[in-house]
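Structure first, then comments.
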Amino acid sequence: MRHRGVRVLAALCAGVLVAGLAAAGASADTGTQSGGGSGGKKKIVIGALGPFFDSNTGTESTEWPAAVKARVKAFNKANELPGYTLEVFECDTGLDPNATEKCARDGADEGIVAAVGFNGTTGGNLLPILEGAGIPAVGTIPVSPVETSNPVSFPLTSGIPGAFEALPVAIGNEGANKQSLVLSDIGAATSIAELFVQASVDRQGYELGATVRVPPDVADFAPIVASATEGDPEGISSFIVGQPAGTFIQALRQSGFDGPVSAGSAFISQDLIDELGSDANGLLVPSLLSWQKSKGGKQFNKEMKKYAKGEVLNDVAANYWLSTWVVGQQLKAIVKDGGTPDAASLLTAMGQLTDYNTQGMTPPITTTEPVVVDSPIPFERFYNQTVVPFEVKKGKLTQTSTKFVDPFVKQ
């Protein structure tokens, strides 16, 4: 079975200020282009860059570039921009700074007008090259401060800070004021994660009891569960990398703990839910986007099922899709206003968004007045600091509300 979607946020966790931890052993593919022009139409190239495959761990996230291609196929088929056709330049950066820089340079050479949805630990290598070429990075997921400080970066989600700070809020909203935290021990990145969680707990007025670190090679989860439930917490937040996420949840449920449990969206794949069976039901999984119930979310699901059959649907794939959708809409507006649909025009347009409607996948986006969030690590600007409630119900990850939750303010 392929390990899919496991690193949706695992890579992010490792990347907060310590991107080098995960770089060893990562692989990257050379760039490829798809969706070629036809009928004499002018081509516009969009860059799908990110760590799509890691030969060292066997993990792959093919749904990320597939989401870009699905949107492009639908865009072209509907002739949304008469006289033009979109193409996709795909390049796997791995978790490798050198490969990331090569992908960025190759993308610039291919004439990409934007890089969309980038989700990885090497934004510090990617963004300066794009900045030098005048190419916007639309939908970069905030991993480190660089994604919210580089002037060509336009994040559409709350990224790592939102993902971590939302975990205590999710269980707190279910009445769990006395909480514990269980998370993978991946070195310095774990300490960063704990900072975000503690900041959220303090802001909300919760009590954080046990903080339990899970070693990478743990086999027996009984001691982990015993530590996590010591002191009778009312709820537990978890952020555990890979298959151990399921093992912990199963052991926790078998111990008789019936309080609310929140989990990072990175690790709650449909495969894992299927393996857990009824033990998965009730898991609270904050998501970065409204990717099921919104108008845009429904379009994302429809296009993925049509043009990317068999691919995983998750919030990061939705972010790649949404980023591509935003670029397409901005290109249409540029042409309508008599402009040239190139990187320079797109960069200008992205910096001038006011109450921009993403079809409900995010709150309205304004890039002229970024939000500075209350965070233990300085992130200069967010355009969307929220998360969206999801829960596992009847064996499916299900969006439970259309409400956007801001975990950086007291609930």
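A note on labels: chains of the structure tokens are A, B, ... as shown, every chain counts residues from 1, and ligands are counted from 1 in their shown order.
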Quick one: which region 92-121 of chain A residues come within 12 Å of region 143-150 of chain A, and what is the nearest atom pair for each with the distance in Å to one decimal, counting only C-alpha atoms, rows ordered by chain and ascending number, as JSON lines?
{"residue": "A:Gly117", "atom": "CA", "partner": "A:Glu147", "partner_atom": "CA", "distance": 11.3}
{"residue": "A:Phe118", "atom": "CA", "partner": "A:Glu147", "partner_atom": "CA", "distance": 9.6}
{"residue": "A:Asn119", "atom": "CA", "partner": "A:Val143", "partner_atom": "CA", "distance": 7.9}
{"residue": "A:Gly120", "atom": "CA", "partner": "A:Val143", "partner_atom": "CA", "distance": 7.3}
{"residue": "A:Thr121", "atom": "CA", "partner": "A:Val143", "partner_atom": "CA", "distance": 6.8}
Using the selection just defined, write its residues with N, CA and C atoms as a short mmCIF file (atom, residue, chain, number, x, y, z; two decimals), in the first residue's frame.
data_model
loop_
_atom_site.label_atom_id
_atom_site.label_comp_id
_atom_site.auth_asym_id
_atom_site.auth_seq_id
_atom_site.Cartn_x
_atom_site.Cartn_y
_atom_site.Cartn_z
N GLY A 117 0.58 26.73 -4.41
CA GLY A 117 0.33 25.76 -3.35
C GLY A 117 1.52 25.22 -2.61
N PHE A 118 2.72 25.75 -2.80
CA PHE A 118 3.91 25.10 -2.27
C PHE A 118 3.76 24.74 -0.80
N ASN A 119 4.08 23.48 -0.51
CA ASN A 119 3.96 22.94 0.85
C ASN A 119 5.22 22.15 1.14
N GLY A 120 6.14 22.72 1.86
CA GLY A 120 7.38 22.01 2.12
C GLY A 120 8.26 22.75 3.08
N THR A 121 9.42 22.17 3.32
CA THR A 121 10.34 22.70 4.33
C THR A 121 11.40 23.63 3.73
#
Excluding region 337-347 of chain A and its own-chain neighbours fewer than 6 positions away, which residues fall within 12 Å of it when counting only C-alpha atoms? Please give them as a CSV table (one decimal) with C-alpha atoms, in the first residue's frame.
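Resulting contents of out-v4.csv:
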chain,number,residue,atom,x,y,z
A,42,LYS,CA,-1.1,31.2,-26.4
A,43,LYS,CA,0.2,29.1,-23.5
A,44,ILE,CA,0.4,30.2,-19.9
A,45,VAL,CA,2.5,28.0,-17.6
A,46,ILE,CA,1.7,27.5,-14.0
A,47,GLY,CA,4.3,25.9,-11.7
A,81,LEU,CA,-9.7,32.3,-21.0
A,83,GLY,CA,-7.2,32.5,-26.9
A,84,TYR,CA,-5.1,31.0,-24.1
A,85,THR,CA,-4.4,27.6,-22.7
A,86,LEU,CA,-2.9,26.8,-19.3
A,107,GLY,CA,10.3,27.0,-13.5
A,108,ALA,CA,11.5,30.5,-14.2
A,110,GLU,CA,10.0,27.7,-18.5
A,111,GLY,CA,8.2,31.0,-18.0
A,112,ILE,CA,5.8,30.1,-15.2
A,113,VAL,CA,3.6,33.0,-14.2
A,114,ALA,CA,3.2,31.6,-10.7
A,115,ALA,CA,4.2,28.7,-8.4
A,130,LEU,CA,11.0,33.4,-7.4
A,131,GLU,CA,11.4,36.9,-6.0
A,132,GLY,CA,14.4,37.6,-8.1
A,133,ALA,CA,12.5,36.5,-11.2
A,134,GLY,CA,9.4,38.5,-10.2
A,135,ILE,CA,7.2,35.3,-10.0
A,136,PRO,CA,4.4,35.2,-7.3
A,137,ALA,CA,4.0,32.1,-5.1
A,138,VAL,CA,0.3,31.8,-4.6
A,151,PRO,CA,6.9,39.8,-0.8
A,152,VAL,CA,6.1,37.3,-3.6
A,153,SER,CA,4.5,34.9,-1.2
A,154,PHE,CA,0.7,34.9,-0.8
A,326,VAL,CA,-7.1,31.9,-7.8
A,327,VAL,CA,-4.4,32.3,-10.4
A,328,GLY,CA,-6.8,31.4,-13.2
A,329,GLN,CA,-9.4,33.9,-12.0
A,330,GLN,CA,-6.7,36.7,-11.7
A,331,LEU,CA,-5.4,35.9,-15.2
A,353,LEU,CA,-6.8,41.8,-3.4
A,367,THR,CA,-3.7,41.2,0.7
Students should find that CA of Thr362 (chain A) and CA of Phe408 (chain A) are spaced 16.0 Å
Any idea what's packed within 9 Å of Gln198 (chain A), counting only C-alpha atoms, ignoring anything in its chain fewer than 5 positions away? Could you give it as a PyMOL selection string?
-> chain A and resi 165+168+193+203+208
Among region 184-393 of chain A, which ones does DSSP place in strand (DSSP E or B), written as an MDAnalysis selection string?
-> chainID A and resid 184 207:214 235:239 261:263 284 287 356 365 371 382 387:388 390:393
Could you pull the residues within 6 Å of Val261 (chain A), counting only C-alpha atoms, minus those fewer than 4 positions along the same chain, as a list in words?
-> Gly235, Ile236, Ser237 and Leu283 of chain A
